Amino acid sequence: MTQHDDTVRLLHMLDYSRKAVAMLQGRAREDLDTDEMLSLALTRAVEIIGEAAAKVSPKIQHNYALIPWPQIIGLRNRLVHGYDAVDLNILWNIVQNDLPPLIDQLKTAIGKIQ
């Protein structure tokens, strides 16, 4: 894998993290229960973040060890394979609490490898 490929994957992660966070602006947790399009869109965005993370080279993952690679990739697998048991409380908390710091970490990583 080239540095270019890693940069593209990190940019995908950043883009979809930002999109997921933006989707929750002005929303309440209850909206996930009543707005199926919102819950499906958030689920898909988080899946894409995990899929892109899985394709980042081991070297970059090692160099940016503060990014929780195994958890991000594991969440993607859980969402895809456990599609019928997505806990919307957990999804809400991840987007609200975990993605904003991830966005900052990704911006730092991208800035250093570009």
# chains A, B, ... in the order shown; residues from 1 in each chain; ligands from 1

call {"tool": "residues_around", "arguments": {"residues": "stretch 82-84 of chain A", "least_positions_apart": "5", "cutoff": "12 Å", "atoms": "only C-alpha atoms", "output": "PDB file with C-alpha atoms, in the first residue's frame"}}
result
ATOM      1  CA  SER A  39     -30.233   5.785  12.089  1.00  0.00           C
ATOM      2  CA  LEU A  40     -29.450   4.056   8.789  1.00  0.00           C
ATOM      3  CA  THR A  43     -24.847   3.294  10.837  1.00  0.00           C
ATOM      4  CA  ARG A  44     -23.551   3.417   7.281  1.00  0.00           C
ATOM      5  CA  GLU A  47     -19.358   1.314   8.791  1.00  0.00           C
ATOM      6  CA  GLY A  74     -14.319  -4.101  15.276  1.00  0.00           C
ATOM      7  CA  LEU A  75     -17.277  -1.737  15.388  1.00  0.00           C
ATOM      8  CA  ARG A  76     -17.556  -1.902  11.608  1.00  0.00           C
ATOM      9  CA  ASN A  77     -17.626  -5.693  11.794  1.00  0.00           C
TER      10      ASN A  77
END

call {"tool": "select_by_dssp", "arguments": {"residues": "chain A", "states": "alpha helix (DSSP H)", "output": "PyMOL selection string"}}
result
chain A and resi 3-23+31-34+36-54+58-63+69-81+88-93+99-113

call {"tool": "closest_residue", "arguments": {"among": "A:Ala54, A:Met13, A:Leu38, A:Val95", "to": "A:Trp69", "atoms": "only C-alpha atoms"}}
result
A:Ala54

call {"tool": "atom_distance", "arguments": {"atom1": "atom CA of A:Leu32", "atom2": "atom CA of A:Asp87"}}
result
10.4 Å

call {"tool": "residues_around", "arguments": {"residues": "A:Arg29", "least_positions_apart": "3", "cutoff": "10 Å", "atoms": "only C-alpha atoms", "output": "list in words"}}
result
Leu24, Leu32, Asp33, Thr34, Leu88, Asn89, Leu91, Trp92, Asn93 and Gln96 of chain A

call {"tool": "write_last_selection", "arguments": {"atoms": "N, CA and C atoms", "output": "CSV table (one decimal), in the first residue's frame"}}
result
chain,number,residue,atom,x,y,z
A,24,LEU,N,-26.0,14.8,13.5
A,24,LEU,CA,-26.6,14.9,14.9
A,24,LEU,C,-26.7,16.3,15.4
A,32,LEU,N,-33.1,9.1,16.8
A,32,LEU,CA,-32.7,7.8,16.2
A,32,LEU,C,-33.8,6.8,16.3
A,33,ASP,N,-34.7,6.9,17.2
A,33,ASP,CA,-35.8,5.9,17.4
A,33,ASP,C,-36.9,6.2,16.4
A,34,THR,N,-37.1,7.5,16.0
A,34,THR,CA,-38.2,7.9,15.2
A,34,THR,C,-37.8,8.2,13.7
A,88,LEU,N,-28.8,1.5,19.4
A,88,LEU,CA,-28.8,2.9,19.0
A,88,LEU,C,-28.2,3.8,20.1
A,89,ASN,N,-28.3,3.4,21.3
A,89,ASN,CA,-27.7,4.2,22.4
A,89,ASN,C,-26.2,4.2,22.2
A,91,LEU,N,-24.5,3.7,19.4
A,91,LEU,CA,-24.2,4.4,18.2
A,91,LEU,C,-24.3,5.9,18.4
A,92,TRP,N,-25.3,6.4,19.1
A,92,TRP,CA,-25.4,7.8,19.5
A,92,TRP,C,-24.1,8.2,20.3
A,93,ASN,N,-23.8,7.5,21.3
A,93,ASN,CA,-22.6,7.8,22.1
A,93,ASN,C,-21.3,7.8,21.3
A,96,GLN,N,-21.4,11.0,19.2
A,96,GLN,CA,-21.3,12.2,20.0
A,96,GLN,C,-20.0,12.4,20.7

call {"tool": "atom_distance", "arguments": {"atom1": "atom CA of A:Tyr64", "atom2": "atom CA of A:Val21"}}
result
21.9 Å

call {"tool": "residues_around", "arguments": {"residues": "A:Val46", "least_positions_apart": "4", "cutoff": "10 Å", "atoms": "only C-alpha atoms", "output": "list in words"}}
result
Met13, Tyr16, Ser17, Lys19, Ala20, Ala41, Leu42, Gly50, Glu51, Ala52, Ile72, Ile73, Leu75, Arg76, Leu79, Leu91, Ile94, Val95 and Leu99 of chain A

call {"tool": "write_last_selection", "arguments": {"atoms": "C-alpha atoms", "output": "tab-separated table (two decimals), in the first residue's frame"}}
result
chain	number	residue	atom	x	y	z
A	13	MET	CA	-12.40	8.31	7.69
A	16	TYR	CA	-17.44	10.29	7.17
A	17	SER	CA	-16.65	11.16	10.78
A	19	LYS	CA	-20.67	13.77	8.20
A	20	ALA	CA	-21.84	11.60	11.11
A	41	ALA	CA	-27.26	6.95	7.62
A	42	LEU	CA	-25.31	7.04	10.88
A	50	GLY	CA	-14.34	1.19	9.97
A	51	GLU	CA	-13.90	-0.16	6.46
A	52	ALA	CA	-11.47	2.62	5.59
A	72	ILE	CA	-12.99	1.18	14.95
A	73	ILE	CA	-12.54	-1.89	12.75
A	75	LEU	CA	-17.28	-1.74	15.39
A	76	ARG	CA	-17.56	-1.90	11.61
A	79	LEU	CA	-22.48	-3.27	12.59
A	91	LEU	CA	-24.23	4.41	18.15
A	94	ILE	CA	-19.94	6.90	19.62
A	95	VAL	CA	-20.92	9.66	17.24
A	99	LEU	CA	-15.90	10.84	16.71
